Amino acid sequence: MKKLINILDKRFYLVCFTVLSGIALFNAVNFIGLWSDGIYWLCEFFDPKVHLDHGRLFTHIILHFPTFIFKILDINNLNLLVILHGFWSYASTVLCLIIIYLTLPKDKKDWVVFPLLSYLICMIFTSYYIFHDSHLTAGLFWIILLIYLFSDLTKISFEKLLCLLIASFISIRAYQTMLFFSPLLLFVGITKWIKVKNNINLRTNILLIISFIFLIASFIYSYYYTVNPTQYNMNEYTNSFHALKSTYFIFFIVAGILTIISKNIYIVFISMFLFIAVNIKFILNNNLILIYANNMRILNLIIPLIFAVLIICLKYSTLNTEFRKYKALIFLLLITFTINSFLFSTKINMYFRDMSTYLRENIGISNVSNLLPFYRKKQASC
Amino acid sequence: MDINSLFEQSIIVQILYNNRNIIDGIILSELSTLEKYRIVRYNNIINKLNKFSNIILH
């Protein structure tokens with residue numbers, strides 16, 4: 001047992017990334033890509049042109065990657081397309097986390113716990129909204145922030161600069177959350193750059209300035225598309241704040257915070273126990289996912305911002321960051337996310353199976369109003 | 001999920017799960033509520049995947 005814990009501790013992040021990739025694959029083979037918004041984006045494959053959202057142009061291009069590949073290669077295998085579409089919508093953000101880990105200096109790898117925690121909280125509550133442009137934008141935000149914060153700009157490698165430039169370029173047209181992310185990134189980046197700019201070579205200086213320009217462009221575009229949304233009304237964003245009043249969510253956050261900040265071992269145990277209990281309740285009652293998934297998408301703005309401020313405070317404070325506590329929380333969240341994903345995507349697969357049986361038995365055009373009781377019953381069972 | 005996406009979901013689900021070449025049923029409130037480009041898309045799905053449909057949308 002001790003040996004297993006040691007291996008888990010040493011290979012903690014490898015385990016995390018492997019499990020997250022496994023979840024992406026499991027969801028994909030259960031045709032999660034057909035769920036909610038996923039079906040809309042998938043069916044674009046059959047249009048002569050893919051209709052990309054102008055405000056989120058670059059993230060949409062990335063997330064449509066399987067569609068583009070299939071179109072270029074003229075492959076019409078629907079099974080493969082649905083699986084790849086579902087897998088990539090989850091795996092693209094996992095790839096961001098892996099990049100974050102790789103770009104962190106060797107002695108600062110543990111700081112990846114914050115993006116991981118942020119990712120897991122957002123995914124547990126909102127991942128079944130399916131189309132992951134907001135998750136991907138949060139991933140880009142973390143890549144840029146951690147490079148600015150933890151890389152020694154006087155010795156920064158070209159590979160890291162390239163990651164920084166690509167991430168900040170994509171963020172120009174990624175998601176409206178960049179309206180809030182980009183000022184923070186600019187503040188962190190420029191503050192650090194001003195301190196060391198005289199010791200940095202010309203090439204690095206130019207590339208860093210370009211990354212700042214991209215982030216300014218990101219702010220301008222995000223502002224424009226927030227004020228003039230192409231798909232949603234502003235009140236859809238503000239309404240989602242109400243979902244955060246959920247008792248379950250409040251307990252979840254309070255127990256998590258108590259676990260981290262408590263010094264007293266008994267309080268740590270009690271809050272950890274409460275945290276586990278809340279997670280188990282969520283697993284047992286996982287049709288809550290359906291209620292939360294859409295309503296809580298605002299989390300992809302709030303959670304990364306809160307963790308970003310925390311990470312900045314911790315880095316510049318004299319406080320000792322107890323990464324083991326964060327790792328313990330990540331481990332618990334990983335279990336919750338894994339079980340929830342397995343249960344939920346299996347149920348979704350069953351839902352589609354029932355739907356296909358229904359359609360086979362009810363030949364012709366079915367009026368949706370007659371089907372509503374059927375679907376409500378099926379959705380409730382999810 | 002709006003009616004247009006439900007309509008598309010019902011087509012794709014049949015192709016994936018029923019392993020048949022024929023689309024027999026779709027879920028639709030009424031044709032006037034369906035966006036026009038979704039009907040074009042529907043025809044594209046049938047043609048591109050070499051399927052037959054017993055559903056006629058005017």
# chains A, B, ... in the order shown; residues from 1 in each chain; ligands from 1
$ select_by_dssp --residues "segment 109-330 of chain A" --states "helix (DSSP H, G or I)" --output "JSON, numbers by chain"
{"A": [109, 110, 111, 112, 113, 114, 115, 116, 117, 118, 119, 120, 121, 122, 123, 124, 125, 126, 127, 128, 129, 133, 134, 135, 136, 137, 138, 139, 140, 141, 142, 143, 144, 145, 146, 147, 148, 149, 150, 158, 159, 160, 161, 162, 163, 164, 165, 166, 167, 168, 169, 170, 171, 172, 173, 178, 179, 180, 181, 182, 183, 184, 185, 186, 187, 188, 189, 190, 191, 192, 193, 194, 195, 196, 197, 198, 199, 202, 203, 204, 205, 206, 207, 208, 209, 210, 211, 212, 213, 214, 215, 216, 217, 218, 219, 220, 221, 222, 223, 224, 225, 226, 227, 234, 235, 236, 237, 238, 239, 242, 243, 244, 245, 247, 248, 249, 250, 251, 252, 253, 254, 255, 256, 257, 258, 259, 260, 261, 265, 266, 267, 268, 269, 270, 271, 272, 273, 274, 275, 276, 277, 278, 279, 280, 281, 282, 283, 284, 288, 289, 290, 291, 292, 293, 294, 295, 299, 300, 301, 302, 303, 304, 305, 306, 307, 308, 309, 310, 311, 312, 313, 314, 315, 316, 323, 324, 325, 326, 327, 328, 329, 330]}
$ residues_around --residues "Ser53 of chain B" --least-positions-apart "2" --cutoff "6 Å" --atoms "only C-alpha atoms" --output "PyMOL selection string"
chain B and resi 22-23+55
$ interface_residues --of "chain B" --to "chain A" --cutoff "7 Å" --atoms "only C-alpha atoms" --output "list in words"
Met1, Ser5, Gln9, Val13, Gln14, Leu16, Tyr17, Asn18, Asp24, Gly25, Ile26, Ile27, Leu28, Ser29, Arg41, Asn44, Ile45, Leu49 and Ile55 of chain B
$ atom_distance --atom1 "atom CA of Ile339 of chain A" --atom2 "atom CA of Leu140 of chain A"
26.7 Å
$ atom_distance --atom1 "atom CA of Ile330 of chain A" --atom2 "atom CA of Asn285 of chain A"
20.7 Å
$ select_by_dssp --residues "segment 20-55 of chain B" --states "strand (DSSP E or B)" --output "ChimeraX atom specification"
/B:22-23,25-27,52-53
$ write_last_selection --atoms "all heavy atoms" --output "mmCIF file, in the first residue's frame"
data_model
loop_
_atom_site.group_PDB
_atom_site.id
_atom_site.type_symbol
_atom_site.label_atom_id
_atom_site.label_comp_id
_atom_site.auth_asym_id
_atom_site.auth_seq_id
_atom_site.Cartn_x
_atom_site.Cartn_y
_atom_site.Cartn_z
ATOM 1 N N ILE B 22 -31.860 3.061 -43.808
ATOM 2 C CA ILE B 22 -33.068 3.881 -44.015
ATOM 3 C C ILE B 22 -33.388 4.708 -42.757
ATOM 4 O O ILE B 22 -33.355 4.199 -41.633
ATOM 5 C CB ILE B 22 -34.274 2.974 -44.368
ATOM 6 C CG1 ILE B 22 -33.965 2.189 -45.649
ATOM 7 C CG2 ILE B 22 -35.545 3.798 -44.547
ATOM 8 C CD1 ILE B 22 -34.928 1.081 -45.949
ATOM 9 N N ILE B 23 -33.700 5.968 -42.994
ATOM 10 C CA ILE B 23 -34.177 6.834 -41.897
ATOM 11 C C ILE B 23 -35.702 6.730 -41.901
ATOM 12 O O ILE B 23 -36.348 7.099 -42.890
ATOM 13 C CB ILE B 23 -33.774 8.309 -42.138
ATOM 14 C CG1 ILE B 23 -32.296 8.453 -42.469
ATOM 15 C CG2 ILE B 23 -34.189 9.191 -40.962
ATOM 16 C CD1 ILE B 23 -31.353 8.181 -41.360
ATOM 17 N N GLY B 25 -37.767 7.556 -38.999
ATOM 18 C CA GLY B 25 -38.476 8.477 -38.106
ATOM 19 C C GLY B 25 -37.627 9.664 -37.724
ATOM 20 O O GLY B 25 -36.401 9.558 -37.635
ATOM 21 N N ILE B 26 -38.262 10.785 -37.559
ATOM 22 C CA ILE B 26 -37.555 11.965 -37.040
ATOM 23 C C ILE B 26 -38.450 12.671 -36.039
ATOM 24 O O ILE B 26 -39.663 12.493 -36.043
ATOM 25 C CB ILE B 26 -37.147 12.970 -38.152
ATOM 26 C CG1 ILE B 26 -38.343 13.312 -39.024
ATOM 27 C CG2 ILE B 26 -35.974 12.458 -38.953
ATOM 28 C CD1 ILE B 26 -38.104 14.497 -39.908
ATOM 29 N N ILE B 27 -37.813 13.467 -35.204
ATOM 30 C CA ILE B 27 -38.581 14.204 -34.213
ATOM 31 C C ILE B 27 -38.637 15.657 -34.663
ATOM 32 O O ILE B 27 -37.612 16.293 -34.878
ATOM 33 C CB ILE B 27 -37.949 14.082 -32.819
ATOM 34 C CG1 ILE B 27 -37.923 12.613 -32.416
ATOM 35 C CG2 ILE B 27 -38.704 14.919 -31.806
ATOM 36 C CD1 ILE B 27 -37.021 12.313 -31.282
ATOM 37 N N PHE B 52 -30.930 6.215 -47.222
ATOM 38 C CA PHE B 52 -32.232 6.523 -47.819
ATOM 39 C C PHE B 52 -33.129 7.041 -46.708
ATOM 40 O O PHE B 52 -32.979 6.656 -45.552
ATOM 41 C CB PHE B 52 -32.858 5.266 -48.428
ATOM 42 C CG PHE B 52 -31.998 4.663 -49.494
ATOM 43 C CD1 PHE B 52 -31.167 3.583 -49.199
ATOM 44 C CD2 PHE B 52 -31.996 5.198 -50.780
ATOM 45 C CE1 PHE B 52 -30.350 3.029 -50.174
ATOM 46 C CE2 PHE B 52 -31.180 4.639 -51.756
ATOM 47 C CZ PHE B 52 -30.354 3.566 -51.450
ATOM 48 N N SER B 53 -34.064 7.890 -47.097
ATOM 49 C CA SER B 53 -34.976 8.392 -46.085
ATOM 50 C C SER B 53 -36.414 8.236 -46.535
ATOM 51 O O SER B 53 -36.750 8.525 -47.683
ATOM 52 C CB SER B 53 -34.676 9.858 -45.804
ATOM 53 O OG SER B 53 -35.619 10.359 -44.890
#
$ residues_around --residues "Leu14 of chain A" --least-positions-apart "5" --cutoff "10 Å" --atoms "only C-alpha atoms" --output "compact mmCIF listing (two decimals) with N, CA, C and O atoms, in the first residue's frame"
# COMPACT_ATOMS: atom_id res chain seq x y z
N LEU A 8 2.12 6.70 -6.65
CA LEU A 8 1.08 7.69 -6.98
C LEU A 8 1.60 9.11 -6.77
O LEU A 8 1.34 10.00 -7.56
N ASP A 9 2.35 9.30 -5.68
CA ASP A 9 2.87 10.62 -5.35
C ASP A 9 3.91 11.06 -6.39
O ASP A 9 3.88 12.19 -6.86
N VAL A 19 -5.64 9.67 -16.55
CA VAL A 19 -7.06 9.47 -16.20
C VAL A 19 -7.95 10.43 -17.00
O VAL A 19 -8.98 10.02 -17.55
N LEU A 20 -7.52 11.69 -17.10
CA LEU A 20 -8.32 12.68 -17.84
C LEU A 20 -8.44 12.30 -19.32
O LEU A 20 -9.51 12.46 -19.92
N ILE A 98 -1.31 19.63 -20.03
CA ILE A 98 -0.01 18.98 -20.23
C ILE A 98 1.03 20.03 -20.64
O ILE A 98 2.17 20.02 -20.14
N TYR A 101 2.13 21.95 -17.63
CA TYR A 101 3.08 21.17 -16.82
C TYR A 101 4.48 21.19 -17.46
O TYR A 101 5.48 21.40 -16.79
$ atom_distance --atom1 "atom CA of Ala293 of chain A" --atom2 "atom CA of Ile83 of chain A"
20.8 Å
$ closest_residue --among "B:Lys48, B:Leu34, B:Arg20, B:Val40" --to "Asp2 of chain B" --atoms "only C-alpha atoms"
B:Leu34
$ residues_around --residues "Phe331 of chain A" --least-positions-apart "2" --cutoff "12 Å" --atoms "only C-alpha atoms" --output "compact mmCIF listing (two decimals) with C-alpha atoms, in the first residue's frame"
# COMPACT_ATOMS: atom_id res chain seq x y z
CA ILE A 5 1.05 5.67 -2.47
CA LEU A 8 1.08 7.69 -6.98
CA ASP A 9 2.87 10.62 -5.35
CA PHE A 12 0.85 12.07 -9.60
CA TYR A 13 0.56 14.37 -12.61
CA VAL A 15 -1.73 9.65 -13.39
CA CYS A 16 -3.94 12.77 -13.58
CA PHE A 17 -3.31 13.35 -17.28
CA VAL A 19 -7.06 9.47 -16.20
CA LEU A 20 -8.32 12.68 -17.84
CA VAL A 113 -2.15 21.96 -9.01
CA LEU A 116 -5.74 21.21 -12.41
CA LEU A 117 -8.07 22.12 -9.54
CA LEU A 120 -11.63 19.72 -12.42
CA MET A 272 -12.18 16.69 4.14
CA ILE A 276 -15.96 13.65 0.38
CA ASN A 279 -18.83 14.52 -3.69
CA ARG A 324 0.01 17.90 -0.67
CA LYS A 325 -3.36 19.25 0.46
CA TYR A 326 -4.10 20.49 -3.04
CA LYS A 327 -3.01 17.14 -4.44
CA ALA A 328 -5.36 15.35 -2.01
CA LEU A 329 -8.27 17.51 -3.19
CA LEU A 333 -12.07 15.42 -7.50
CA LEU A 334 -10.48 13.11 -10.04
CA ILE A 335 -12.34 10.16 -8.52
CA THR A 336 -15.62 12.14 -8.55
CA PHE A 337 -15.11 13.25 -12.14
CA THR A 338 -14.19 9.74 -13.26
